[in-house]
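Asker: The structure file protein.txt (compact mmCIF, C-alpha atoms) is provided below.
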# COMPACT_ATOMS: atom_id res chain seq x y z
CA MET A 819 23.60 187.40 147.28
CA TYR A 820 25.61 184.78 149.12
CA GLU A 821 29.20 184.37 147.97
CA PHE A 822 30.02 181.99 145.16
CA ASP A 823 32.89 181.11 142.85
CA TYR A 824 32.61 181.82 139.15
CA HIS A 825 33.98 180.10 136.07
CA ARG A 826 33.53 180.90 132.39
CA PRO A 827 34.76 177.80 130.55
CA GLY A 828 35.49 178.03 126.83
CA THR A 829 34.42 174.51 125.88
CA LEU A 830 31.41 172.31 126.51
CA ASP A 831 33.59 169.57 127.99
CA ALA A 832 35.03 171.96 130.56
CA ALA A 833 31.53 173.29 131.33
CA VAL A 834 30.16 169.77 131.87
CA LYS A 835 33.03 168.95 134.21
CA LEU A 836 32.49 172.10 136.28
CA ALA A 837 28.70 171.68 136.29
CA GLY A 838 29.23 168.25 137.84
CA GLU A 839 30.89 169.72 140.94
CA ALA A 840 28.93 169.85 144.20
CA ASP A 841 26.49 172.76 144.43
CA ALA A 842 27.38 174.08 140.99
CA LYS A 843 24.75 176.01 139.08
CA ILE A 844 24.72 176.81 135.38
CA LEU A 845 24.48 180.50 134.41
CA ALA A 846 22.93 181.21 131.01
CA GLY A 847 21.38 184.67 130.52
CA GLY A 848 20.94 184.98 134.27
CA HIS A 849 17.57 186.71 134.13
CA THR A 850 15.99 184.22 136.49
CA LEU A 851 19.07 183.00 138.33
CA ILE A 852 20.48 186.40 139.32
CA PRO A 853 17.16 187.65 140.78
CA THR A 854 16.90 184.31 142.63
CA LEU A 855 20.40 184.76 144.05
CA LYS A 856 19.65 188.34 145.05
CA GLN A 857 16.72 187.12 147.11
CA ARG A 858 18.95 184.49 148.68
CA LEU A 859 16.60 181.77 147.49
CA ALA A 860 19.58 179.79 146.19
CA ALA A 861 23.13 179.41 147.49
CA PRO A 862 25.29 177.72 144.84
CA LYS A 863 29.01 177.33 145.58
CA LEU A 864 29.93 177.77 141.94
CA LEU A 865 28.41 179.46 138.89
CA VAL A 866 29.37 177.99 135.52
CA ASP A 867 28.82 180.74 132.93
CA LEU A 868 28.17 179.31 129.45
CA HIS A 869 28.65 182.60 127.54
CA ALA A 870 32.10 181.65 126.22
CA VAL A 871 31.03 178.23 124.88
CA ARG A 872 30.74 179.20 121.22
CA GLU A 873 29.12 175.95 120.03
CA LEU A 874 26.02 176.74 122.12
CA GLN A 875 25.24 179.89 120.13
CA GLY A 876 23.48 180.60 116.88
CA VAL A 877 20.83 179.27 114.51
CA HIS A 878 21.26 176.98 111.54
CA LEU A 879 19.19 174.83 109.23
CA LYS A 880 20.07 171.15 108.97
CA ASP A 881 18.07 168.33 107.32
CA GLY A 882 14.78 170.21 107.54
CA GLN A 883 15.35 171.07 111.17
CA LEU A 884 15.94 174.51 112.61
CA VAL A 885 18.73 173.97 115.13
CA ILE A 886 19.05 176.67 117.78
CA GLY A 887 21.92 176.76 120.25
CA ALA A 888 20.93 176.87 123.90
CA MET A 889 22.80 180.15 124.54
CA THR A 890 21.11 181.96 121.66
CA THR A 891 19.44 185.09 123.04
CA HIS A 892 15.79 185.96 122.56
CA ALA A 893 16.85 189.01 120.49
CA HIS A 894 18.91 186.78 118.20
CA VAL A 895 16.02 184.33 117.65
CA ALA A 896 13.60 187.23 117.07
CA ASP A 897 15.87 188.82 114.44
CA SER A 898 17.20 185.65 112.80
CA ALA A 899 16.42 185.55 109.07
CA LEU A 900 16.36 181.73 109.27
CA VAL A 901 13.83 181.63 112.12
CA LYS A 902 11.67 184.30 110.46
CA ALA A 903 11.67 182.33 107.21
CA HIS A 904 11.11 178.84 108.61
CA LEU A 905 9.27 179.34 111.91
CA PRO A 906 7.92 182.90 111.99
CA GLY A 907 5.71 182.04 114.95
CA LEU A 908 8.79 181.23 117.03
CA ALA A 909 10.49 184.49 115.99
CA ALA A 910 7.35 186.40 117.02
CA LEU A 911 7.29 184.63 120.40
CA ALA A 912 10.93 185.55 121.05
CA ALA A 913 10.23 189.18 120.08
CA GLY A 914 7.57 189.38 122.78
CA ILE A 915 9.55 188.10 125.77
CA GLY A 916 10.19 190.67 128.52
CA ASP A 917 11.65 193.86 127.11
CA PRO A 918 14.51 194.71 124.71
CA HIS A 919 17.17 194.57 127.46
CA VAL A 920 15.96 191.23 128.77
CA ARG A 921 15.93 189.88 125.21
CA HIS A 922 19.58 190.89 124.80
CA ARG A 923 20.61 188.66 127.73
CA GLY A 924 17.97 185.97 128.20
CA THR A 925 18.50 182.68 126.34
CA ILE A 926 16.26 179.92 125.00
CA GLY A 927 18.24 177.29 126.89
CA GLY A 928 17.94 179.13 130.18
CA SER A 929 14.22 179.66 129.74
CA VAL A 930 13.46 176.03 128.87
CA ALA A 931 15.78 174.53 131.50
CA ASN A 932 14.15 176.69 134.17
CA ASN A 933 10.62 175.76 132.98
CA ASP A 934 8.97 178.70 134.72
CA PRO A 935 5.22 177.99 134.54
CA ALA A 936 4.66 181.45 132.97
CA ALA A 937 7.61 181.46 130.55
CA ASP A 938 6.88 181.68 126.81
CA TYR A 939 9.38 179.26 125.24
CA PRO A 940 8.20 175.97 126.85
CA SER A 941 4.89 176.29 124.97
CA ALA A 942 6.70 176.56 121.61
CA VAL A 943 9.01 173.65 122.38
CA LEU A 944 6.04 171.47 123.31
CA ALA A 945 3.67 172.52 120.50
CA LEU A 946 6.36 172.30 117.81
CA ASN A 947 7.35 168.85 119.11
CA ALA A 948 10.97 169.96 119.34
CA THR A 949 13.84 167.80 120.49
CA ILE A 950 15.98 168.99 123.40
CA ILE A 951 19.59 167.98 122.86
CA THR A 952 21.89 167.83 125.88
CA ASN A 953 25.53 166.90 126.41
CA LYS A 954 24.29 163.33 127.04
CA ARG A 955 21.19 162.60 124.96
CA SER A 956 18.18 163.78 122.97
CA ILE A 957 14.88 164.28 124.79
CA LYS A 958 11.48 164.64 123.11
CA ALA A 959 9.48 167.65 124.27
CA ASP A 960 6.67 165.37 125.52
CA ASP A 961 9.15 163.72 127.90
CA PHE A 962 10.96 166.87 128.97
CA PHE A 963 8.57 169.05 130.99
CA LYS A 964 7.82 167.41 134.33
CA GLY A 965 5.86 170.10 136.16
CA MET A 966 6.48 173.55 137.57
CA PHE A 967 10.25 174.32 137.40
CA GLU A 968 10.85 170.58 136.89
CA THR A 969 12.36 168.99 133.78
CA ALA A 970 13.88 165.67 132.72
CA LEU A 971 17.38 167.19 133.02
CA ALA A 972 19.68 165.40 135.45
CA GLU A 973 21.99 167.30 137.85
CA GLY A 974 24.74 168.96 135.85
CA GLU A 975 23.22 168.01 132.48
CA ILE A 976 23.50 170.89 130.00
CA ILE A 977 21.11 171.66 127.13
CA THR A 978 23.25 172.29 124.05
CA HIS A 979 20.68 172.73 121.25
CA PHE A 980 17.05 172.60 120.28
CA SER A 981 15.92 170.96 117.08
CA PHE A 982 12.63 172.35 115.71
CA PRO A 983 10.83 171.04 112.62
CA ALA A 984 11.27 173.83 110.04
CA GLY A 985 8.59 175.14 107.74
CA ILE A 986 5.45 174.12 109.61
CA LYS A 987 2.64 176.56 110.24
CA SER A 988 2.58 177.83 113.81
CA GLY A 989 1.67 180.83 115.92
CA TYR A 990 1.63 182.18 119.45
CA ALA A 991 -0.66 184.50 121.35
CA LYS A 992 -0.38 185.58 124.95
CA PHE A 993 -2.35 187.61 127.42
CA PRO A 994 0.37 189.24 129.50
CA ASN A 995 -0.12 190.03 133.15
CA PRO A 996 -0.54 193.82 133.05
CA ALA A 997 2.09 194.32 135.76
CA SER A 998 4.74 191.62 135.34
CA ARG A 999 4.17 191.06 131.59
CA TYR A 1000 4.63 187.33 132.14
CA ALA A 1001 2.03 185.21 130.37
CA LEU A 1002 -1.21 185.06 132.33
CA VAL A 1003 -2.10 182.68 129.52
CA GLY A 1004 -0.01 181.94 126.44
CA VAL A 1005 -0.97 179.47 123.73
CA TYR A 1006 1.29 178.10 120.99
CA VAL A 1007 -0.39 176.23 118.12
CA ALA A 1008 1.39 174.21 115.45
CA GLN A 1009 0.12 172.27 112.45
CA HIS A 1010 1.71 168.85 111.99
CA GLY A 1011 0.25 167.45 108.77
CA SER A 1012 -3.46 166.97 109.44
CA ASP A 1013 -2.83 166.99 113.21
CA ALA A 1014 -2.29 169.96 115.48
CA ARG A 1015 -0.47 170.45 118.75
CA VAL A 1016 -1.62 173.12 121.19
CA ALA A 1017 0.53 173.97 124.21
CA VAL A 1018 -0.51 176.28 127.01
CA THR A 1019 1.76 178.25 129.33
CA GLY A 1020 0.93 180.52 132.27
CA ALA A 1021 -2.25 178.70 133.17
CA GLY A 1022 -1.47 175.16 134.26
CA ALA A 1023 -0.98 174.38 137.95
CA ASN A 1024 1.80 172.00 136.82
CA GLY A 1025 3.34 174.29 134.22
CA VAL A 1026 3.11 173.97 130.44
CA PHE A 1027 0.62 171.40 129.10
CA ARG A 1028 -1.07 170.26 125.88
CA ALA A 1029 -4.75 171.09 125.43
CA SER A 1030 -6.13 167.86 123.96
CA THR A 1031 -9.67 169.16 123.36
CA LEU A 1032 -8.31 172.03 121.26
CA GLU A 1033 -5.94 169.69 119.40
CA ALA A 1034 -8.89 167.43 118.53
CA ALA A 1035 -10.91 170.40 117.29
CA LEU A 1036 -8.07 171.52 114.99
CA LYS A 1037 -7.48 168.04 113.54
CA GLY A 1038 -8.04 168.28 109.79
CA ASN A 1039 -9.23 171.89 110.09
CA PHE A 1040 -6.46 174.22 111.27
CA SER A 1041 -8.58 177.37 111.52
CA ALA A 1042 -9.78 179.76 114.19
CA ALA A 1043 -13.36 178.84 113.23
CA ALA A 1044 -12.70 175.22 114.25
CA LEU A 1045 -12.10 176.47 117.80
CA GLU A 1046 -15.36 178.44 118.10
CA GLY A 1047 -17.13 177.41 121.28
CA LYS A 1048 -14.26 175.12 122.33
CA SER A 1049 -12.77 175.56 125.75
CA VAL A 1050 -10.54 173.89 128.26
CA PRO A 1051 -11.86 172.61 131.60
CA ALA A 1052 -10.89 174.75 134.60
CA ASP A 1053 -9.64 171.70 136.55
CA GLY A 1054 -5.91 171.94 137.10
CA ILE A 1055 -5.81 175.60 136.02
CA ASN A 1056 -4.13 178.17 138.26
CA SER A 1057 -6.20 180.48 140.41
CA ASP A 1058 -4.54 183.48 142.01
CA MET A 1059 -5.01 187.19 142.69
CA HIS A 1060 -4.39 187.96 139.01
CA ALA A 1061 -6.98 185.63 137.49
CA ASP A 1062 -9.14 182.76 138.70
CA ALA A 1063 -9.20 179.35 137.03
CA ALA A 1064 -12.45 179.91 135.11
CA TYR A 1065 -11.12 183.16 133.64
CA ARG A 1066 -7.79 181.61 132.66
CA ALA A 1067 -9.58 178.60 131.13
CA HIS A 1068 -11.69 181.00 129.07
CA LEU A 1069 -8.57 182.92 127.99
CA ILE A 1070 -7.00 179.68 126.74
CA GLY A 1071 -9.76 179.37 124.14
CA VAL A 1072 -9.43 183.04 123.16
CA MET A 1073 -5.62 182.91 122.91
CA ALA A 1074 -5.78 179.65 120.94
CA ARG A 1075 -8.06 181.28 118.35
CA ARG A 1076 -5.75 184.30 118.13
CA ALA A 1077 -2.70 182.07 117.81
CA VAL A 1078 -4.27 180.13 114.93
CA ALA A 1079 -5.31 183.38 113.26
CA ALA A 1080 -1.75 184.70 113.62
CA ALA A 1081 -0.12 181.45 112.48
CA HIS A 1082 1.91 181.36 109.29
CA MET B 228 39.05 188.77 144.79
CA PRO B 229 39.29 188.59 141.00
CA MET B 230 40.57 191.54 139.01
CA ILE B 231 38.07 192.56 136.34
CA HIS B 232 39.12 194.33 133.14
CA MET B 233 36.76 196.19 130.81
CA THR B 234 36.75 199.01 128.32
CA VAL B 235 34.31 201.58 129.68
CA ASN B 236 33.43 204.59 127.54
CA GLY B 237 36.49 203.88 125.40
CA LYS B 238 38.91 203.72 128.33
CA ALA B 239 40.58 200.55 129.65
CA VAL B 240 39.66 200.11 133.31
CA LYS B 241 40.20 197.45 135.96
CA GLY B 242 39.12 196.82 139.50
CA HIS B 243 38.80 194.11 142.12
CA ALA B 244 35.32 192.69 142.59
CA GLU B 245 33.79 189.60 144.12
CA PRO B 246 32.03 187.26 141.65
CA ARG B 247 28.71 188.31 143.20
CA THR B 248 29.29 191.98 142.35
CA LEU B 249 26.70 193.26 139.89
CA LEU B 250 27.82 195.21 136.85
CA VAL B 251 25.94 198.26 138.13
CA GLU B 252 27.77 198.06 141.48
CA PHE B 253 31.12 197.82 139.69
CA ILE B 254 30.25 200.83 137.50
CA ARG B 255 28.98 202.98 140.38
CA ASP B 256 31.06 201.91 143.38
CA THR B 257 34.36 200.82 141.84
CA LEU B 258 34.54 203.08 138.78
CA ARG B 259 32.62 205.92 140.48
CA LEU B 260 30.48 206.48 137.38
CA THR B 261 27.25 207.31 139.18
CA GLY B 262 25.17 208.33 136.15
CA THR B 263 23.92 204.73 135.88
CA HIS B 264 21.17 204.37 138.47
CA VAL B 265 19.59 201.58 140.48
CA GLY B 266 15.82 201.93 140.60
CA CYS B 267 13.97 198.70 141.24
CA ASP B 268 16.94 196.28 141.38
CA THR B 269 14.59 193.65 139.93
CA SER B 270 15.17 194.01 136.14
CA GLN B 271 12.00 195.99 135.58
CA CYS B 272 12.59 199.75 135.67
CA GLY B 273 15.53 200.23 133.31
CA ALA B 274 17.31 202.99 135.31
CA CYS B 275 20.46 200.82 135.15
CA VAL B 276 20.56 200.31 131.37
CA VAL B 277 24.05 200.41 129.83
CA HIS B 278 25.43 199.03 126.58
CA VAL B 279 27.61 195.91 126.71
CA ASP B 280 29.33 195.07 123.42
CA GLY B 281 26.82 197.28 121.62
CA HIS B 282 23.60 195.98 123.19
CA ALA B 283 21.43 197.62 125.85
CA ILE B 284 21.21 195.46 128.95
CA LYS B 285 20.13 195.83 132.57
CA SER B 286 23.30 196.16 134.61
CA CYS B 287 21.45 195.23 137.82
CA THR B 288 20.89 191.74 136.40
CA THR B 289 24.38 191.12 135.03
CA LEU B 290 27.46 190.08 136.99
CA ALA B 291 30.49 192.33 136.59
CA VAL B 292 32.74 189.28 136.31
CA ALA B 293 30.64 188.07 133.35
CA CYS B 294 31.65 191.28 131.53
CA GLU B 295 35.40 190.59 131.71
CA GLY B 296 36.90 191.94 128.49
CA ALA B 297 33.65 193.61 127.38
CA HIS B 298 33.15 197.07 125.89
CA VAL B 299 30.73 198.99 128.09
CA THR B 300 29.11 202.35 127.38
CA THR B 301 27.39 204.29 130.14
CA ILE B 302 25.53 207.60 130.05
CA GLU B 303 28.84 209.36 130.80
CA GLY B 304 30.19 208.04 127.50
CA LEU B 305 27.70 209.79 125.21
CA ALA B 306 28.55 213.49 125.38
CA HIS B 307 31.71 215.00 123.91
CA GLY B 308 32.93 217.34 126.62
CA THR B 309 30.20 219.93 127.05
CA ASP B 310 28.51 219.00 123.75
CA LEU B 311 25.55 216.80 124.57
CA HIS B 312 24.78 213.72 122.50
CA PRO B 313 21.82 214.44 120.16
CA MET B 314 19.59 212.13 122.24
CA GLN B 315 20.53 213.98 125.46
CA GLU B 316 19.91 217.29 123.70
CA ALA B 317 16.51 216.06 122.52
CA PHE B 318 15.50 215.08 126.10
CA ARG B 319 16.49 218.59 127.25
CA GLU B 320 14.74 220.32 124.37
CA HIS B 321 11.49 218.34 124.70
CA HIS B 322 11.39 218.25 128.51
CA GLY B 323 11.67 214.45 128.44
CA LEU B 324 12.36 214.38 132.18
CA GLN B 325 11.21 215.78 135.46
CA CYS B 326 13.12 214.32 138.41
CA GLY B 327 15.69 212.81 136.06
CA TYR B 328 16.19 209.54 137.89
CA CYS B 329 15.13 207.32 134.98
CA THR B 330 16.73 209.54 132.33
CA PRO B 331 20.15 207.87 131.95
CA GLY B 332 18.45 204.51 131.36
CA MET B 333 15.87 206.08 129.04
CA ILE B 334 18.61 207.68 126.94
CA MET B 335 20.73 204.53 126.78
CA SER B 336 17.63 202.56 125.72
CA ALA B 337 16.73 205.23 123.16
CA VAL B 338 20.20 205.15 121.57
CA ASP B 339 20.05 201.34 121.42
CA MET B 340 16.59 201.61 119.85
CA VAL B 341 17.96 203.87 117.10
CA ASN B 342 20.88 201.49 116.54
CA ARG B 343 18.45 198.63 115.96
CA LYS B 344 15.41 200.30 114.44
CA GLY B 345 16.76 203.31 112.57
CA HIS B 346 16.10 207.05 112.64
CA GLU B 347 12.41 207.14 111.70
CA LEU B 348 10.64 205.78 114.77
CA SER B 349 6.86 205.80 115.01
CA GLU B 350 5.20 206.65 118.29
CA HIS B 351 3.95 203.05 118.48
CA THR B 352 7.47 201.64 118.02
CA ILE B 353 8.92 203.96 120.66
CA ARG B 354 6.24 203.08 123.20
CA GLU B 355 6.66 199.34 122.55
CA GLU B 356 10.44 199.58 122.78
CA LEU B 357 10.26 201.50 126.08
CA GLU B 358 8.56 198.49 127.69
CA GLY B 359 11.57 198.00 129.95
CA ASN B 360 11.97 201.60 131.15
CA ILE B 361 9.71 203.04 133.82
CA CYS B 362 9.21 206.77 134.48
CA ARG B 363 7.03 207.82 137.41
CA CYS B 364 6.96 211.57 136.63
CA THR B 365 6.36 212.46 133.02
CA GLY B 366 3.56 210.21 131.82
CA TYR B 367 5.92 209.35 128.93
CA HIS B 368 4.51 211.83 126.37
CA ASN B 369 7.55 214.06 126.29
CA ILE B 370 9.91 211.10 126.49
CA VAL B 371 8.33 209.68 123.34
CA LYS B 372 8.66 213.08 121.60
CA ALA B 373 12.28 213.35 122.73
CA VAL B 374 13.18 209.87 121.46
CA ALA B 375 11.60 210.57 118.06
CA ALA B 376 13.45 213.89 117.75
CA GLY B 377 16.71 212.43 119.08
CA ALA B 378 16.51 209.57 116.59
CA LYS B 379 16.24 212.05 113.71
CA ALA B 380 19.03 214.21 115.11
CA MET B 381 21.31 211.16 115.38
CA GLN B 382 20.98 210.78 111.62
CA GLY B 383 22.56 214.22 111.28
CA MET B 384 25.32 213.08 113.61
CA ALA B 385 25.95 209.99 111.45
CA LYS B 386 26.09 212.18 108.33
CA ALA B 387 28.42 214.70 109.95
CA ALA B 388 30.80 211.89 110.82
CA GLU B 389 30.95 210.62 107.22
Could you render the structure as structure tokens?

Answerer:
Amino acid sequence: MYEFDYHRPGTLDAAVKLAGEADAKILAGGHTLIPTLKQRLAAPKLLVDLHAVRELQGVHLKDGQLVIGAMTTHAHVADSALVKAHLPGLAALAAGIGDPHVRHRGTIGGSVANNDPAADYPSAVLALNATIITNKRSIKADDFFKGMFETALAEGEIITHFSFPAGIKSGYAKFPNPASRYALVGVYVAQHGSDARVAVTGAGANGVFRASTLEAALKGNFSAAALEGKSVPADGINSDMHADAAYRAHLIGVMARRAVAAAH
Amino acid sequence: MPMIHMTVNGKAVKGHAEPRTLLVEFIRDTLRLTGTHVGCDTSQCGACVVHVDGHAIKSCTTLAVACEGAHVTTIEGLAHGTDLHPMQEAFREHHGLQCGYCTPGMIMSAVDMVNRKGHELSEHTIREELEGNICRCTGYHNIVKAVAAGAKAMQGMAKAAE
């Protein structure tokens, strides 16, 4: 790692101020940033650690919305009685990220802000039509993800919370890469009244995306049977040594059916 | 260089470290507690697992400076003198190791597993929970047996302490 300065502010205001300094980088759980620094792929002058900003942690229910602080760990989301009761699909997704040690450090805010094309959380945020709340504004999920590792966040802007609609039926299924365990394909499905939203991670050449053909098939009939024979075109799907585009496109259909079957 | 303060294995410790110093480097190089190992250095193998404020984490992917004021437990903190911790004893009894390199991380993960999941651990649970610990010698069978036995034996330890 190159040298850097480190601050652990105790308030959001102080964090925002520090994050606005030149070449500052925000440190959440660090499970992407620290490996990146080790490889000398980034050289920030200053790390702003958000661990001491209490208001960014925890889960609560407010006006029919499940509000999750950006610094809430995967383990916390997975074990939260509120998340299990109101969005069990999201709790199950969190329980399947990485391994127990990663889940003790990694955070929902870090994962979504990084928008790794194979991360799990972006698919849930997009399919559940969540709102991303920052120190400046609220951003709808459809406007947030801008492509691989790209989001609508401005320099120094900090995600504070996520607001998920509570109590809707949803589920997640992923086919993990056998070596890295990242999603080769992960599909999150969510029922919104008679409509459905289906978001795919791991497969898109531009990161997480909505599968409109699968959403249309689930409209008015949120069942695995409604997806029989439905698939996603291989255009714009990743091809690499782990899986070619046709295989990944096929897996999207399979994972979507499993996600609907697992949804509750 | 900042001075970092922690409680490690129940003892207050301090040492100078650059902000870029990893927790595992601070534990091994500054505190000279070399039971915590570095295997892959890429958050995959789990040889570096320690407990920070009661949770198992990978100390190769955590900055020491981020643990200012934290309570840290390493493999050296489990035994009482020459009396092994029940999980250590179970690894010895069930031959849950060959070369031993991964063992400190395996045992720290196993103790964390018991803390979260209780004393009756199915083989399936143990194998799932060991996702983040890699062993290249044993083929895992005896590790799984050791964790199951150690989990049960820790119940006896909890009772004895009551």

Asker: Pull the neighbourhood of (19.5, 182.7, 145.4) for me: all residues within 12 Å in file coordinates, counting only C-alpha atoms, as a list of chain:residue names.

Answerer: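 Within the cut-off we find A:Met819, A:Tyr820, A:Glu821, A:Phe822, A:Lys843, A:Gly848, A:Thr850, A:Leu851, A:Ile852, A:Pro853, A:Thr854, A:Leu855, A:Lys856, A:Gln857, A:Arg858, A:Leu859, A:Ala860, A:Ala861, A:Pro862, A:Lys863, A:Leu865, B:Arg247.
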
Asker: May I ask for the distance between atom CA of B:Gly366 and atom CA of B:Cys287, given in Å to one decimal place?

Answerer: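 Answer for the atom CA of B:Gly366 to atom CA of B:Cys287 separation: 24.1 Å.
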
Asker: Tell me which protein, DNA and RNA residues are within 10 Å of A:Ala1035, counting only C-alpha atoms, leaving out same-chain ones fewer than 2 positions away, and put them as a list in words.

Answerer: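 Within the cut-off, the hits are Asp1013, Ala1014, Ser1030, Thr1031, Leu1032, Glu1033, Lys1037, Gly1038, Asn1039, Phe1040, Ser1041, Ala1042, Ala1043, Ala1044, Leu1045, Glu1046 and Lys1048 of chain A.
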
Asker: Could you turn the residues from that selection into a file that holds C-alpha atoms, as a tab-separated table (two decimals), keeping the file's coordinate frame?

Answerer:
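Contents of again34.tsv, freshly written:
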chain	number	residue	atom	x	y	z
A	1013	ASP	CA	-2.83	166.99	113.21
A	1014	ALA	CA	-2.29	169.96	115.48
A	1030	SER	CA	-6.13	167.86	123.96
A	1031	THR	CA	-9.67	169.16	123.36
A	1032	LEU	CA	-8.31	172.03	121.26
A	1033	GLU	CA	-5.94	169.69	119.40
A	1037	LYS	CA	-7.48	168.04	113.54
A	1038	GLY	CA	-8.04	168.28	109.79
A	1039	ASN	CA	-9.23	171.89	110.09
A	1040	PHE	CA	-6.46	174.22	111.27
A	1041	SER	CA	-8.58	177.37	111.52
A	1042	ALA	CA	-9.78	179.76	114.19
A	1043	ALA	CA	-13.36	178.84	113.23
A	1044	ALA	CA	-12.70	175.22	114.25
A	1045	LEU	CA	-12.10	176.47	117.80
A	1046	GLU	CA	-15.36	178.44	118.10
A	1048	LYS	CA	-14.26	175.12	122.33

Asker: So which residues touch B:Glu355 within 12 Å, counting all atoms listed in the file, skipping near sequence neighbours fewer than 3 positions away, as a ChimeraX atom specification?

Answerer: /A:913-914,916-918 /B:336-337,340,344,348-352,358-360,367,371

Asker: With 12 Å as the cut-off and only C-alpha atoms counted, what is the closest atom pair between each nearby residue of stretch 968-1004 of chain A and stretch 949-963 of chain A? Distances in Å to one decimal, ordered by chain and number, as CSV.

Answerer:
residue,atom,partner,partner_atom,distance
A:Glu968,CA,A:Phe963,CA,6.5
A:Thr969,CA,A:Phe963,CA,4.7
A:Ala970,CA,A:Phe962,CA,4.9
A:Leu971,CA,A:Phe962,CA,7.6
A:Ala972,CA,A:Lys954,CA,9.8
A:Glu973,CA,A:Lys954,CA,11.7
A:Gly974,CA,A:Asn953,CA,9.7
A:Glu975,CA,A:Asn953,CA,6.6
A:Ile976,CA,A:Thr952,CA,5.4
A:Ile977,CA,A:Thr952,CA,4.1
A:Thr978,CA,A:Thr952,CA,5.0
A:His979,CA,A:Ile951,CA,5.1
A:Phe980,CA,A:Ile950,CA,4.9
A:Ser981,CA,A:Thr949,CA,5.1
A:Phe982,CA,A:Thr949,CA,6.7
A:Pro983,CA,A:Thr949,CA,9.0

Asker: Build an axis-aligned box that encloses every atom of stretch 913-919 of chain A listed in the file, pad it by 8 Å on each side, and report its centre and edge lengths in Å to one decimal, as JSON.

Answerer:
{"center_x": 12.4, "center_y": 191.4, "center_z": 124.3, "size_x": 25.6, "size_y": 22.6, "size_z": 24.4}

Asker: Taking all atoms listed in the file into account, which of A:Leu874, A:Val866, A:Ala1081, A:Ala1008 comes nearest A:Ala842?

Answerer: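 Using all atoms listed in the file, the shortest distance to A:Ala842 belongs to A:Val866.
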
Asker: Specify as a list in words all residues of chain B found within 7 Å of chain A, counting all atoms listed in the file.

Answerer: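 In the required form, that comes to Pro246, Arg247, Thr269, His282, Ala283, Ile284, Lys285, Thr288, Glu356, Glu358 and Gly359 of chain B.
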
Asker: With 8 Å as the threshold, what does the neighbourhood of (20.2, 206.3, 120.8) contain in terms of residues, counting all atoms listed in the file? Coordinates are those of the file; answer as a ChimeraX atom specification.

Answerer: /B:314,334-342,374,377-378,381
